[in-house]
Each structure stands twice: as structure tokens, then as C-alpha cells.
>>> print(open('upload.csv').read())   # CSV, C-alpha atoms
chain,number,residue,atom,x,y,z
A,2,MET,CA,-10.6,5.5,7.0
A,3,GLU,CA,-7.6,6.6,9.0
A,4,ARG,CA,-4.4,8.5,8.0
A,5,THR,CA,-1.5,9.3,10.2
A,6,VAL,CA,0.6,12.5,9.9
A,7,LYS,CA,4.0,12.7,11.5
A,8,LEU,CA,5.0,16.0,13.2
A,9,ARG,CA,8.3,16.9,14.9
A,10,VAL,CA,8.6,19.7,17.4
A,11,LYS,CA,11.7,20.9,19.4
A,12,VAL,CA,10.7,21.7,23.0
A,13,ASP,CA,12.5,23.2,26.0
A,14,TYR,CA,14.3,21.1,28.5
A,15,THR,CA,11.6,21.3,31.2
A,16,THR,CA,8.9,20.1,28.8
A,17,TYR,CA,11.1,17.3,27.5
A,18,SER,CA,12.0,16.2,31.0
A,19,ALA,CA,8.3,16.0,32.0
A,20,LEU,CA,7.6,13.9,28.9
A,21,LYS,CA,10.6,11.7,29.6
A,22,GLU,CA,9.3,10.8,33.0
A,23,VAL,CA,6.0,9.8,31.5
A,24,GLU,CA,7.8,7.7,28.8
A,25,GLU,CA,9.9,5.8,31.4
A,26,GLU,CA,6.9,4.9,33.6
A,27,TYR,CA,4.8,4.1,30.5
A,28,ARG,CA,7.4,1.6,29.5
A,29,GLU,CA,7.3,-0.1,32.9
A,30,VAL,CA,3.5,-0.4,32.7
A,31,LEU,CA,3.7,-1.7,29.1
A,32,GLU,CA,6.2,-4.4,30.1
A,33,ASP,CA,4.0,-5.5,33.0
A,34,ALA,CA,1.0,-5.6,30.8
A,35,LEU,CA,2.8,-7.7,28.2
A,36,ASN,CA,4.0,-10.2,30.9
A,37,TYR,CA,0.5,-10.4,32.3
A,38,GLY,CA,-1.0,-11.2,28.8
A,39,LEU,CA,1.6,-13.8,28.1
A,40,LEU,CA,1.3,-15.4,31.5
A,41,ASN,CA,-2.5,-15.6,31.2
A,42,LYS,CA,-2.6,-16.3,27.5
A,43,THR,CA,-4.8,-13.4,26.6
A,44,THR,CA,-4.6,-10.5,24.1
A,45,SER,CA,-7.8,-8.9,25.4
A,46,PHE,CA,-7.4,-5.2,26.5
A,47,THR,CA,-10.2,-5.6,29.0
A,48,ARG,CA,-8.7,-8.6,30.7
A,49,ILE,CA,-5.2,-7.1,30.8
A,50,LYS,CA,-6.5,-3.9,32.3
A,51,ALA,CA,-8.6,-5.7,34.9
A,52,GLY,CA,-5.6,-7.8,35.9
A,53,ILE,CA,-2.9,-5.1,36.4
A,54,TYR,CA,-4.7,-1.8,36.9
A,55,LYS,CA,-4.8,-1.9,40.7
A,56,THR,CA,-1.2,-2.9,41.1
A,57,GLU,CA,0.1,-0.4,38.6
A,58,ARG,CA,-2.0,2.4,40.1
A,59,GLU,CA,-0.2,1.8,43.5
A,60,LYS,CA,3.2,1.6,41.8
A,61,HIS,CA,2.7,4.8,39.8
A,62,LYS,CA,0.6,7.1,42.0
A,63,ASP,CA,1.6,10.4,40.3
A,64,LEU,CA,1.2,9.1,36.8
A,65,PRO,CA,-2.3,10.0,35.3
A,66,SER,CA,-4.4,6.9,35.3
A,67,HIS,CA,-5.3,7.0,31.6
A,68,TYR,CA,-1.7,6.2,30.8
A,69,ILE,CA,-2.3,2.8,32.3
A,70,TYR,CA,-5.4,2.4,30.0
A,71,THR,CA,-3.4,3.3,26.9
A,72,ALA,CA,-0.4,1.1,27.9
A,73,CYS,CA,-2.9,-1.8,28.2
A,74,GLU,CA,-4.2,-1.0,24.7
A,75,ASP,CA,-0.7,-0.9,23.4
A,76,ALA,CA,0.1,-4.2,25.0
A,77,SER,CA,-3.0,-5.8,23.6
A,78,GLU,CA,-2.1,-4.7,20.0
A,79,ARG,CA,1.5,-5.9,20.4
A,80,LEU,CA,0.4,-9.3,21.7
A,81,ASP,CA,-2.2,-9.7,19.0
A,82,SER,CA,0.4,-8.8,16.3
A,83,PHE,CA,3.0,-11.2,17.9
A,84,GLU,CA,0.5,-14.0,17.9
A,85,LYS,CA,-0.4,-13.6,14.2
A,86,LEU,CA,3.3,-13.6,13.3
A,87,ARG,CA,4.0,-16.6,15.5
A,88,LYS,CA,1.3,-18.6,13.7
A,89,ARG,CA,3.0,-17.8,10.4
A,90,GLY,CA,6.4,-18.9,11.8
A,91,ARG,CA,7.8,-15.4,11.5
A,92,THR,CA,8.8,-14.8,15.2
A,93,TYR,CA,12.4,-15.0,16.4
A,94,THR,CA,11.8,-14.6,20.2
A,95,GLU,CA,9.6,-16.3,22.7
A,96,LYS,CA,7.8,-13.1,23.6
A,97,PRO,CA,7.5,-9.6,22.2
A,98,SER,CA,10.3,-7.4,23.4
A,99,VAL,CA,9.9,-3.6,24.1
A,100,ARG,CA,12.6,-2.0,22.1
A,101,ARG,CA,11.0,1.3,21.2
A,102,VAL,CA,8.2,3.1,23.1
A,103,THR,CA,5.6,5.3,21.5
A,104,VAL,CA,3.4,6.7,24.2
A,105,HIS,CA,-0.3,6.4,23.3
A,106,LEU,CA,-2.6,9.3,24.3
A,107,ASP,CA,-6.4,9.4,24.6
A,108,ASP,CA,-8.8,12.3,24.8
A,109,HIS,CA,-8.2,12.7,28.6
A,110,LEU,CA,-4.4,13.0,28.2
A,111,LEU,CA,-4.3,15.1,25.0
A,112,LYS,CA,-6.0,18.4,24.3
A,113,PHE,CA,-5.4,19.4,20.7
A,114,ASN,CA,-6.1,22.5,18.7
A,115,LEU,CA,-4.4,24.4,15.9
A,116,ASP,CA,-2.7,26.8,18.4
A,117,ARG,CA,-1.1,24.4,20.8
A,118,ILE,CA,-1.0,20.8,22.0
A,119,SER,CA,-1.6,20.1,25.7
A,120,ILE,CA,-0.4,16.8,27.3
A,121,SER,CA,-1.0,15.6,30.8
A,122,THR,CA,2.2,14.6,32.8
A,123,LYS,CA,3.1,13.8,36.4
A,124,LYS,CA,3.8,17.5,37.0
A,125,GLY,CA,0.7,18.8,35.4
A,126,ARG,CA,0.1,19.8,31.8
A,127,VAL,CA,2.8,20.8,29.3
A,128,PHE,CA,2.0,23.0,26.3
A,129,ILE,CA,3.6,22.7,22.9
A,130,SER,CA,3.2,25.0,19.9
A,131,PRO,CA,3.8,23.1,16.7
A,132,ILE,CA,4.3,24.2,13.1
A,133,PHE,CA,2.2,21.9,10.9
A,134,PRO,CA,3.6,20.5,7.7
A,135,LYS,CA,1.9,20.8,4.3
A,136,ILE,CA,0.4,17.3,4.4
A,137,PHE,CA,-1.4,18.2,7.6
A,138,TRP,CA,-3.2,21.1,5.9
A,139,GLU,CA,-4.0,18.9,2.9
A,140,TYR,CA,-6.0,16.5,5.1
A,141,TYR,CA,-7.4,19.2,7.3
A,142,ASN,CA,-8.7,21.3,4.3
A,143,LYS,CA,-10.2,18.2,2.6
A,144,GLY,CA,-12.6,17.5,5.4
A,145,TRP,CA,-10.7,14.9,7.4
A,146,LEU,CA,-11.3,15.1,11.2
A,147,ILE,CA,-8.6,15.0,13.8
A,148,ALA,CA,-9.1,12.0,16.0
A,149,SER,CA,-9.1,12.4,19.8
A,150,GLU,CA,-6.2,9.9,20.2
A,151,ALA,CA,-2.6,10.4,19.2
A,152,ARG,CA,0.9,9.1,20.0
A,153,PHE,CA,4.3,10.7,20.7
A,154,LYS,CA,7.9,9.5,20.7
A,155,LEU,CA,11.0,11.2,22.2
A,156,LEU,CA,14.0,11.8,20.0
A,157,LYS,CA,17.5,13.2,20.7
A,158,GLY,CA,18.0,16.9,20.9
A,159,ASN,CA,14.8,17.6,22.9
A,160,VAL,CA,12.7,16.7,19.9
A,161,VAL,CA,9.1,15.3,20.3
A,162,GLU,CA,7.7,13.3,17.4
A,163,PHE,CA,3.9,13.3,17.3
A,164,PHE,CA,1.7,11.0,15.3
A,165,ILE,CA,-1.6,12.8,14.6
A,166,VAL,CA,-4.5,10.6,13.4
A,167,PHE,CA,-7.0,11.8,10.8
A,168,LYS,CA,-10.3,10.0,10.4
A,169,LYS,CA,-12.9,10.1,7.7
A,170,ASP,CA,-16.1,8.1,7.2
A,171,GLU,CA,-16.0,5.4,4.7
A,172,PRO,CA,-17.8,6.4,1.5
A,173,LYS,CA,-21.0,4.5,0.9
A,174,PRO,CA,-20.6,1.7,-1.7
A,175,TYR,CA,-22.5,2.3,-4.8
A,176,GLU,CA,-24.3,-0.1,-7.2
A,177,PRO,CA,-21.9,-0.3,-10.2
A,178,LYS,CA,-23.3,0.7,-13.5
A,179,GLY,CA,-20.5,-0.9,-15.5
A,180,PHE,CA,-17.2,-2.8,-15.3
A,181,ILE,CA,-13.6,-1.8,-15.9
A,182,PRO,CA,-11.5,-5.0,-16.3
A,183,VAL,CA,-7.8,-4.6,-15.7
A,184,ASP,CA,-5.2,-7.1,-16.9
A,185,LEU,CA,-1.7,-6.9,-15.3
A,186,ASN,CA,1.4,-7.8,-17.4
A,187,GLU,CA,5.1,-7.7,-16.9
A,188,ASN,CA,5.7,-4.4,-18.8
A,189,SER,CA,2.2,-3.0,-19.1
A,190,VAL,CA,-1.3,-2.8,-17.7
A,191,SER,CA,-4.3,-3.1,-20.1
A,192,VAL,CA,-7.7,-1.5,-19.3
A,193,LEU,CA,-11.1,-1.7,-21.0
A,194,ILE,CA,-13.0,1.6,-20.9
A,195,ASN,CA,-16.5,1.6,-22.6
A,196,SER,CA,-15.5,-1.5,-24.6
A,197,LYS,CA,-12.4,0.3,-25.9
A,198,PRO,CA,-9.1,-1.3,-24.8
A,199,VAL,CA,-6.0,0.8,-24.0
A,200,LEU,CA,-2.5,-0.5,-23.0
A,201,LEU,CA,-0.5,1.5,-20.5
A,202,GLU,CA,3.2,0.8,-20.7
A,203,THR,CA,5.0,0.8,-17.3
A,204,ASN,CA,8.6,0.3,-18.4
A,205,THR,CA,9.0,-2.3,-15.6
A,206,LYS,CA,11.3,-4.4,-17.8
A,207,ARG,CA,13.6,-1.5,-18.6
A,208,ILE,CA,13.8,-0.4,-14.9
A,209,THR,CA,14.5,-4.0,-13.7
A,210,LEU,CA,17.2,-4.7,-16.2
A,211,GLY,CA,18.8,-1.2,-15.8
A,212,TYR,CA,19.1,-1.6,-12.1
A,213,GLU,CA,20.4,-5.2,-12.4
A,214,TYR,CA,23.2,-3.9,-14.7
A,215,LYS,CA,24.0,-1.2,-12.2
A,216,ARG,CA,24.2,-3.8,-9.3
A,217,LYS,CA,26.6,-5.9,-11.4
A,218,SER,CA,28.8,-2.9,-12.2
A,219,ILE,CA,29.0,-2.0,-8.5
A,220,THR,CA,29.6,-5.5,-7.1
A,221,THR,CA,31.9,-7.0,-9.9
A,222,GLY,CA,35.2,-7.8,-8.3
A,223,ARG,CA,34.3,-6.3,-4.9
A,224,SER,CA,32.7,-7.7,-1.7
A,225,THR,CA,29.2,-6.7,-0.9
A,226,LYS,CA,30.4,-6.1,2.7
A,227,ASP,CA,32.6,-3.2,1.5
A,228,ARG,CA,31.3,0.0,3.0
A,229,GLU,CA,31.4,1.9,-0.3
A,230,VAL,CA,29.6,-0.9,-2.1
A,231,LYS,CA,26.9,-1.0,0.6
A,232,ARG,CA,26.4,2.8,0.2
A,233,LYS,CA,26.0,2.6,-3.5
A,234,LEU,CA,23.6,-0.3,-3.3
A,235,ARG,CA,21.5,1.5,-0.7
A,236,ASN,CA,21.3,4.5,-3.0
A,237,LEU,CA,19.6,2.5,-5.8
A,238,ARG,CA,16.0,3.4,-6.1
A,239,GLU,CA,14.4,0.6,-8.1
A,240,ARG,CA,11.8,-0.1,-5.4
A,241,ASP,CA,10.8,3.6,-5.1
A,242,LYS,CA,10.4,4.0,-8.9
A,243,LYS,CA,8.3,0.9,-9.3
A,244,ALA,CA,6.1,1.9,-6.3
A,245,ASP,CA,5.6,5.4,-7.8
A,246,VAL,CA,4.4,3.9,-11.1
A,247,ARG,CA,2.0,1.5,-9.2
A,248,ARG,CA,0.5,4.3,-7.1
A,249,LYS,CA,-0.1,6.7,-10.1
A,250,LEU,CA,-1.5,3.9,-12.3
A,251,ALA,CA,-3.8,2.8,-9.5
A,252,LYS,CA,-5.1,6.3,-8.9
A,253,LEU,CA,-5.8,6.8,-12.7
A,254,ILE,CA,-7.8,3.5,-12.9
A,255,VAL,CA,-9.7,4.0,-9.6
A,256,LYS,CA,-10.6,7.6,-10.4
A,257,GLU,CA,-12.0,6.5,-13.8
A,258,ALA,CA,-14.0,3.8,-12.1
A,259,TYR,CA,-15.3,6.2,-9.5
A,260,GLU,CA,-16.4,8.9,-12.0
A,261,SER,CA,-18.1,6.4,-14.2
A,262,ARG,CA,-19.7,4.5,-11.2
A,263,SER,CA,-18.0,1.2,-12.3
A,264,ALA,CA,-16.6,-1.8,-10.6
A,265,ILE,CA,-13.0,-2.8,-11.2
A,266,ILE,CA,-12.3,-6.4,-12.3
A,267,LEU,CA,-9.0,-7.9,-11.4
A,268,GLU,CA,-7.5,-11.4,-11.7
A,269,ASP,CA,-7.5,-13.3,-8.4
A,270,LEU,CA,-3.8,-14.0,-8.5
A,271,PRO,CA,-2.6,-16.9,-6.3
A,272,LYS,CA,0.0,-16.5,-3.6
A,273,ARG,CA,3.6,-16.5,-4.9
A,274,VAL,CA,2.4,-16.0,-8.4
A,275,PRO,CA,6.0,-15.3,-9.8
A,276,GLU,CA,7.1,-18.8,-8.6
A,277,HIS,CA,4.3,-20.4,-10.6
A,278,MET,CA,5.0,-18.4,-13.7
A,279,VAL,CA,8.8,-19.1,-13.8
A,280,LYS,CA,8.4,-22.8,-12.9
A,281,ASN,CA,9.4,-24.0,-16.4
A,282,MET,CA,11.4,-21.0,-17.6
A,283,LYS,CA,15.1,-21.6,-18.4
A,284,ASP,CA,15.9,-18.0,-19.4
A,285,SER,CA,17.6,-16.5,-16.3
A,286,GLN,CA,16.9,-12.9,-17.4
A,287,LEU,CA,13.2,-13.6,-18.0
A,288,ARG,CA,13.0,-15.3,-14.6
A,289,LEU,CA,14.5,-12.2,-13.0
A,290,ARG,CA,12.1,-9.9,-14.8
A,291,ILE,CA,9.0,-11.9,-13.7
A,292,TYR,CA,10.2,-12.1,-10.1
A,293,ARG,CA,10.6,-8.3,-9.9
A,294,SER,CA,7.4,-7.4,-11.8
A,295,ALA,CA,5.5,-7.4,-8.5
A,296,PHE,CA,2.1,-8.5,-9.9
A,297,SER,CA,0.6,-8.9,-6.4
A,298,SER,CA,1.9,-5.5,-5.4
A,299,MET,CA,0.2,-3.9,-8.3
A,300,LYS,CA,-3.1,-5.7,-7.6
A,301,ASN,CA,-2.9,-4.8,-3.9
A,302,THR,CA,-2.2,-1.1,-4.7
A,303,ILE,CA,-5.3,-0.9,-6.9
A,304,ILE,CA,-7.4,-2.6,-4.2
A,305,GLU,CA,-6.1,-0.2,-1.5
A,306,LYS,CA,-6.8,2.9,-3.6
A,307,ALA,CA,-10.3,1.5,-4.6
A,308,ARG,CA,-11.1,1.0,-0.9
A,309,GLU,CA,-10.1,4.6,-0.3
A,310,PHE,CA,-12.6,5.8,-2.9
A,311,GLY,CA,-15.3,3.2,-2.0
A,312,VAL,CA,-15.0,1.5,-5.5
A,313,PRO,CA,-16.0,-2.2,-5.5
A,314,VAL,CA,-13.4,-4.6,-6.7
A,315,ILE,CA,-14.3,-8.0,-8.2
A,316,LEU,CA,-11.7,-10.8,-8.2
A,317,VAL,CA,-12.1,-13.5,-10.9
A,318,ASN,CA,-10.4,-16.7,-11.8
A,319,PRO,CA,-7.3,-15.8,-14.0
A,320,SER,CA,-6.9,-19.2,-15.7
A,321,HIS,CA,-6.9,-19.2,-19.5
A,322,THR,CA,-8.2,-15.7,-19.9
A,323,SER,CA,-5.8,-15.0,-22.8
A,324,THR,CA,-6.3,-18.4,-24.6
A,325,ILE,CA,-10.1,-18.7,-25.0
A,326,CYS,CA,-12.1,-16.7,-27.5
A,327,PRO,CA,-14.8,-14.7,-25.7
A,328,VAL,CA,-17.3,-15.1,-28.6
A,329,HIS,CA,-17.0,-18.8,-29.6
A,330,GLU,CA,-15.4,-20.1,-26.3
A,331,THR,CA,-12.8,-22.0,-28.4
A,332,LYS,CA,-9.1,-22.0,-28.2
A,333,ILE,CA,-7.0,-19.2,-29.5
A,334,VAL,CA,-3.8,-20.3,-31.3
A,335,TYR,CA,-0.9,-18.0,-31.1
A,336,GLN,CA,1.5,-18.1,-34.1
A,337,PRO,CA,5.2,-17.8,-33.3
A,338,ASP,CA,6.5,-14.3,-34.1
A,339,GLY,CA,10.1,-14.7,-33.0
A,340,GLY,CA,9.4,-13.6,-29.4
A,341,THR,CA,9.0,-15.6,-26.2
A,342,ALA,CA,5.3,-14.7,-25.9
A,343,PRO,CA,3.4,-14.1,-29.2
A,344,ARG,CA,0.9,-11.3,-28.9
A,345,VAL,CA,-1.6,-12.0,-31.6
A,346,GLY,CA,-3.5,-15.3,-32.1
A,347,VAL,CA,-6.3,-16.8,-34.2
A,348,CYS,CA,-9.6,-18.2,-33.0
A,349,GLU,CA,-9.9,-21.9,-34.1
A,350,LYS,CA,-13.6,-21.5,-35.0
A,351,GLY,CA,-14.2,-18.0,-36.2
A,352,ARG,CA,-10.6,-17.4,-37.5
A,353,GLU,CA,-10.7,-13.8,-36.2
A,354,LEU,CA,-7.5,-12.3,-34.8
A,355,TRP,CA,-7.2,-11.6,-31.1
A,356,HIS,CA,-4.5,-9.6,-29.3
A,357,ARG,CA,-3.5,-11.4,-26.1
A,358,ASP,CA,-4.0,-8.4,-23.8
A,359,VAL,CA,-7.4,-7.5,-25.3
A,360,VAL,CA,-8.9,-10.9,-25.1
A,361,SER,CA,-8.0,-11.1,-21.5
A,362,LEU,CA,-10.0,-8.0,-20.8
A,363,TYR,CA,-13.1,-9.3,-22.5
A,364,ASN,CA,-12.8,-12.7,-20.7
A,365,LEU,CA,-12.4,-10.9,-17.3
A,366,ARG,CA,-15.5,-8.9,-18.0
A,367,ARG,CA,-17.5,-12.1,-18.9
A,368,ARG,CA,-16.4,-13.9,-15.7
A,369,ALA,CA,-17.6,-10.9,-13.6
A,370,GLY,CA,-21.1,-11.4,-15.1
A,371,ASP,CA,-21.1,-8.8,-17.8
A,372,VAL,CA,-22.5,-10.3,-21.0
A,373,SER,CA,-22.2,-7.2,-23.2
A,374,PRO,CA,-21.5,-8.1,-26.9
A,375,VAL,CA,-17.9,-8.2,-28.0
A,376,GLN,CA,-16.9,-6.2,-31.0
A,377,LEU,CA,-15.6,-8.2,-33.9
A,378,GLY,CA,-13.7,-7.1,-36.9
A,379,SER,CA,-12.6,-3.8,-35.2
A,380,LYS,CA,-9.0,-3.1,-35.7
A,381,GLU,CA,-9.0,-1.2,-32.3
A,382,SER,CA,-10.1,-4.3,-30.5
A,383,HIS,CA,-7.3,-6.4,-31.7
A,384,ASP,CA,-4.6,-3.8,-31.9
A,385,PRO,CA,-5.0,-1.7,-28.7
A,386,PRO,CA,-3.5,1.9,-28.5
A,387,ILE,CA,-0.3,1.9,-26.6
A,388,ILE,CA,0.2,4.8,-24.2
A,389,LYS,CA,3.9,5.5,-23.2
A,390,PRO,CA,4.7,6.3,-19.5
A,391,GLY,CA,5.7,9.8,-20.4
A,392,ARG,CA,2.1,10.6,-21.3
A,393,TRP,CA,0.1,8.9,-18.6
A,394,LEU,CA,2.3,9.3,-15.5
A,395,ARG,CA,1.4,13.0,-15.2
A,396,ALA,CA,-2.1,12.7,-16.5
A,397,LYS,CA,-5.1,13.5,-14.3
A,398,SER,CA,-7.7,11.3,-16.2
A,399,LEU,CA,-7.6,8.1,-18.1
A,400,ARG,CA,-10.4,9.2,-20.4
A,401,LEU,CA,-8.5,12.4,-21.3
A,402,ILE,CA,-5.5,10.2,-22.3
A,403,MET,CA,-7.6,8.2,-24.6
A,404,ASN,CA,-9.2,11.3,-26.2
A,405,GLU,CA,-5.8,12.8,-26.8
A,406,HIS,CA,-4.7,9.6,-28.5
A,407,LYS,CA,-7.7,9.7,-30.8
A,408,MET,CA,-7.0,13.3,-31.7
A,409,ASN,CA,-3.4,12.5,-32.5
A,410,GLU,CA,-4.5,9.6,-34.8
A,411,MET,CA,-6.9,12.0,-36.6
A,412,LYS,CA,-4.2,14.6,-37.2
A,413,VAL,CA,-1.9,11.9,-38.7
>>> encode(input="upload.csv", output="C-alpha cells")
Amino acid sequence: MERTVKLRVKVDYTTYSALKEVEEEYREVLEDALNYGLLNKTTSFTRIKAGIYKTEREKHKDLPSHYIYTACEDASERLDSFEKLRKRGRTYTEKPSVRRVTVHLDDHLLKFNLDRISISTKKGRVFISPIFPKIFWEYYNKGWLIASEARFKLLKGNVVEFFIVFKKDEPKPYEPKGFIPVDLNENSVSVLINSKPVLLETNTKRITLGYEYKRKSITTGRSTKDREVKRKLRNLRERDKKADVRRKLAKLIVKEAYESRSAIILEDLPKRVPEHMVKNMKDSQLRLRIYRSAFSSMKNTIIEKAREFGVPVILVNPSHTSTICPVHETKIVYQPDGGTAPRVGVCEKGRELWHRDVVSLYNLRRRAGDVSPVQLGSKESHDPPIIKPGRWLRAKSLRLIMNEHKMNEMKV
């Protein structure tokens, strides 16, 4: 695992000038490496270095040789990324252009310790004494190791921006002792913990509509090219709020799975899932809500956090998970209740009631290979406890939330 910490340091004019010389010559080597890779149709670092090293060494005699190595690595990464984008039809130029330069440093060019940073330049080594931000110490004190490589970029005002890389060994995957199915919905996420379902509200619907009304009030009767309109639209934080909810929810679920040594079960959602869901919808407001619910983003956030903790994730087929009885494998009929999506249905064979979000959890668990018996007749199974965002957003444990909910019910 790798994490990058950004660090800005203001240096004196002499140090900045020495690094500026390095940056200018590094740019020249990088451009030559890119041109060589394009001309010879290769993205291989080894081939690019073998092809240009002798020429570049003669052109840049005073530049430490390892800058040529790191520039070739940089070119290899840029060419590989450009090729992937080109195959997907997302490139707008014939070749990658060098707009911004971030100088790559290896262990020969960089000597790093907590007192000072030493960087090799054309005029010898320069020394920089940084003040580390809080996030640096968080990683450092949690056992992350500082990698031997780093990057720097020059900013205005004699400011040097460093990118310090932290590394940590991937945790060994464990054999799951249980399963935690997770069902993603527009305004909530339902989870099954020890055969007990719980529904966590996300307020996505309210956030989406609230910001849509704000946009309309800002743009009504005014051009979106107006400077004041642009400023107000930029200040809207819908994306940040939704991302914050996704991150906290993912952390809660993954921590619960990690502590109980369980695997997480998710629906293997297809690409462009909102387009499939709104295909036959005529309600424009509902279409807007579905498009901005970001189901795939929620799924990907959980997968990324699970990868960080080493928790296995199982993706299963999502079709008909909420319309088939997990006991009798017959159709569940949802009676109209005045809404667009009835929540409670009846099994055609057993005639028991099923909540849409709960039956999805049991079916996801079955499709992952867990054949544990399903509770019938339990009110809790068909009417899951609903936890409001105000209670779970600041919580440290999903199990504690459920225990608090039980205690509240007992008091009532």
C-alpha cells in the first residue's frame, strides 16, 4: 500500500535557483524520452533508457545521472497512461504534452530524515529543513515507512512542493468466518450483521434535491457564463458532502467486517448502472435523483477501503435479489402503497411478508455461498431498524450503533 503526503517549504533564492536548473534540464530529458518512446512505439522504461541515456549524458554533463533514469521512468508512466486513454478514445492530442513537470527523485538523489531533506543538484547538494504537517505524523506514528523515492515541484514565491511517499505491507488476507452482505439503495444502505438487518439512511435524496433547488435559484434568469453565477455554482459542495458520507459509511462497514473476520458481499453492478435504472422512468425528478445517487462510487469506495484493511469482497449477480423469496425461491409480490417503489411484499408460496431491503441481503448472502437458515416470522427481519445519519456519521462501530438502538427500544 502507498500513501502520498504533500509538503510545502519556502526556501532561499540560492536553493530555489539550484532546483530550478535541475527542473529545466529534467524537462528537456523528459521530452526527449517521450519523443523516443513515441517514435519507437514503446512504453518500456528499460528500452527508453537504453535508447537515450548516452546522448542525454553528453548533453547534460553536469546533471546527476540518476535524473536521466527518473526522467525515463516518468516518460514510461506518461506514455503508458496516454496509451490507455487513447484506447478508450479519451485523448485530444496525438502525443502526450509536457505541461507541468514534477521532478522524480530516487534514493541516490534524495537523502531524507526528520531533520532535513538533501537533494542532489548540478552545484552539489542543497539542504531543506521542513515543518511536517499533522497528516505526516499520523502515517509516521502508525508504522508506515517512508519510501526512498519522492517528487518535487517548484511553485511561485520560492516555494518547493514535495510529495513524500509512505509504504506499508499489504495485510495478509484471512479466511472469512462469515459474510456481511451490503445492499446499496438511493437513500440508504442496508447491512446484515449476524443475521440482523439494519438500514442506514444516507439522506442522498435530500442532498440532491436541495442542491438542485439551489442551482435553479442561482441560474434562473441569469447566464451561467456570468462571473457571479460561476462563483456561486463553484461554492456548492454537493459532491463533497456525498463523498464524505460514502467514506464514513465504507469505513464503518469495513471495520465491522475486519473485526468479525467476515467477507463483504456486494452487488456486481454493471457499467453505467443509472442509465439502465432510468431507462423507462418518466419522472424527471426521480431520474435526476437516480443519476446522482452514485451507486458505483459507493461500491468502489467500499472496495477501496476493504483493500486497505485486507478484507475480501465478493461480487455477486444483482438481478432479482429483491423479488425472489430466499426460502421458497418463489416470486415476491409487492402491493401498491401509494409510492413509486413499494417496500413490503408477500411471498406467493409461503405468504410471509418481506421487506425489499431485507430480502436483498438474504439473497446476496445465498449467492455468495452462505446457506445459513433464514429467520421467518421475526418482525425485525421484515421491518429493519432505521438509523438516521445523525447517529451513524460520527459513530466508531456499526455494532455499537445496533446495540444503542436495542437499548432505546427497551427503554420505550
>>> closest_residue(input="upload.csv", among="A:Ser45, A:Asn159, A:Thr322, A:Thr71", to="A:Lys21", atoms="only C-alpha atoms")
A:Asn159
>>> residues_around(input="upload.csv", residues="stretch 126-130 of chain A", least_positions_apart="2", cutoff="8 Å", atoms="only C-alpha atoms", output="VMD selection string")
chain A and resid 10 12 16 19 116 to 122 124 132
>>> residues_around(input="upload.csv", residues="A:Gln336", least_positions_apart="5", cutoff="10 Å", atoms="only C-alpha atoms", output="PyMOL selection string")
chain A and resi 342-347
>>> atom_distance(input="upload.csv", atom1="atom CA of A:Leu250", atom2="atom CA of A:Lys306")
10.2 Å
>>> closest_atom_pairs(input="upload.csv", of="stretch 85-122 of chain A", to="stretch 31-38 of chain A", cutoff="9 Å", atoms="only C-alpha atoms", output="CSV")
residue,atom,partner,partner_atom,distance
A:Lys96,CA,A:Leu35,CA,8.7
A:Pro97,CA,A:Leu35,CA,7.9
A:Ser98,CA,A:Glu32,CA,8.4
A:Val99,CA,A:Glu32,CA,7.1
A:Val102,CA,A:Leu31,CA,8.9
>>> atom_distance(input="upload.csv", atom1="atom CA of A:Tyr363", atom2="atom CA of A:Tyr175")
23.2 Å
>>> atom_distance(input="upload.csv", atom1="atom CA of A:Val192", atom2="atom CA of A:Glu309")
20.1 Å
>>> residues_around(input="upload.csv", residues="A:Glu24", least_positions_apart="4", cutoff="9 Å", atoms="all atoms listed in the file", output="list in words")
Ala19, Leu20, Arg28, Glu29, Val102, Thr103, Val104, Lys154 and Leu155 of chain A
>>> residues_around(input="upload.csv", residues="stretch 207-212 of chain A", least_positions_apart="2", cutoff="8 Å", atoms="all atoms listed in the file", output="JSON, numbers by chain")
{"A": [204, 205, 214, 215, 216, 237, 239, 243, 290, 293]}
>>> closest_residue(input="upload.csv", among="A:Thr220, A:Asn364, A:Thr225, A:Thr324", to="A:Leu193", atoms="only C-alpha atoms")
A:Asn364
>>> closest_residue(input="upload.csv", among="A:Ser263, A:Leu270, A:Tyr141, A:Leu362", to="A:Leu200", atoms="all atoms listed in the file")
A:Leu362
>>> residues_around(input="upload.csv", residues="A:Ile194", least_positions_apart="3", cutoff="10 Å", atoms="all atoms listed in the file", output="PDB file with C-alpha atoms, keeping the file's coordinate frame")
ATOM      1  CA  GLY A 179     -20.500  -0.900 -15.500  1.00  0.00           C
ATOM      2  CA  PHE A 180     -17.200  -2.800 -15.300  1.00  0.00           C
ATOM      3  CA  ILE A 181     -13.600  -1.800 -15.900  1.00  0.00           C
ATOM      4  CA  PRO A 182     -11.500  -5.000 -16.300  1.00  0.00           C
ATOM      5  CA  VAL A 183      -7.800  -4.600 -15.700  1.00  0.00           C
ATOM      6  CA  SER A 191      -4.300  -3.100 -20.100  1.00  0.00           C
ATOM      7  CA  LYS A 197     -12.400   0.300 -25.900  1.00  0.00           C
ATOM      8  CA  PRO A 198      -9.100  -1.300 -24.800  1.00  0.00           C
ATOM      9  CA  VAL A 199      -6.000   0.800 -24.000  1.00  0.00           C
ATOM     10  CA  ILE A 254      -7.800   3.500 -12.900  1.00  0.00           C
ATOM     11  CA  GLU A 257     -12.000   6.500 -13.800  1.00  0.00           C
ATOM     12  CA  ALA A 258     -14.000   3.800 -12.100  1.00  0.00           C
ATOM     13  CA  SER A 261     -18.100   6.400 -14.200  1.00  0.00           C
ATOM     14  CA  SER A 263     -18.000   1.200 -12.300  1.00  0.00           C
ATOM     15  CA  LEU A 399      -7.600   8.100 -18.100  1.00  0.00           C
ATOM     16  CA  ARG A 400     -10.400   9.200 -20.400  1.00  0.00           C
ATOM     17  CA  MET A 403      -7.600   8.200 -24.600  1.00  0.00           C
TER      18      MET A 403
END
>>> closest_residue(input="upload.csv", among="A:Ile147, A:Cys73, A:Ile219, A:Leu111", to="A:Gly52", atoms="only C-alpha atoms")
A:Cys73
>>> closest_residue(input="upload.csv", among="A:Val328, A:Lys178, A:Tyr14, A:Ala369", to="A:Arg352", atoms="only C-alpha atoms")
A:Val328
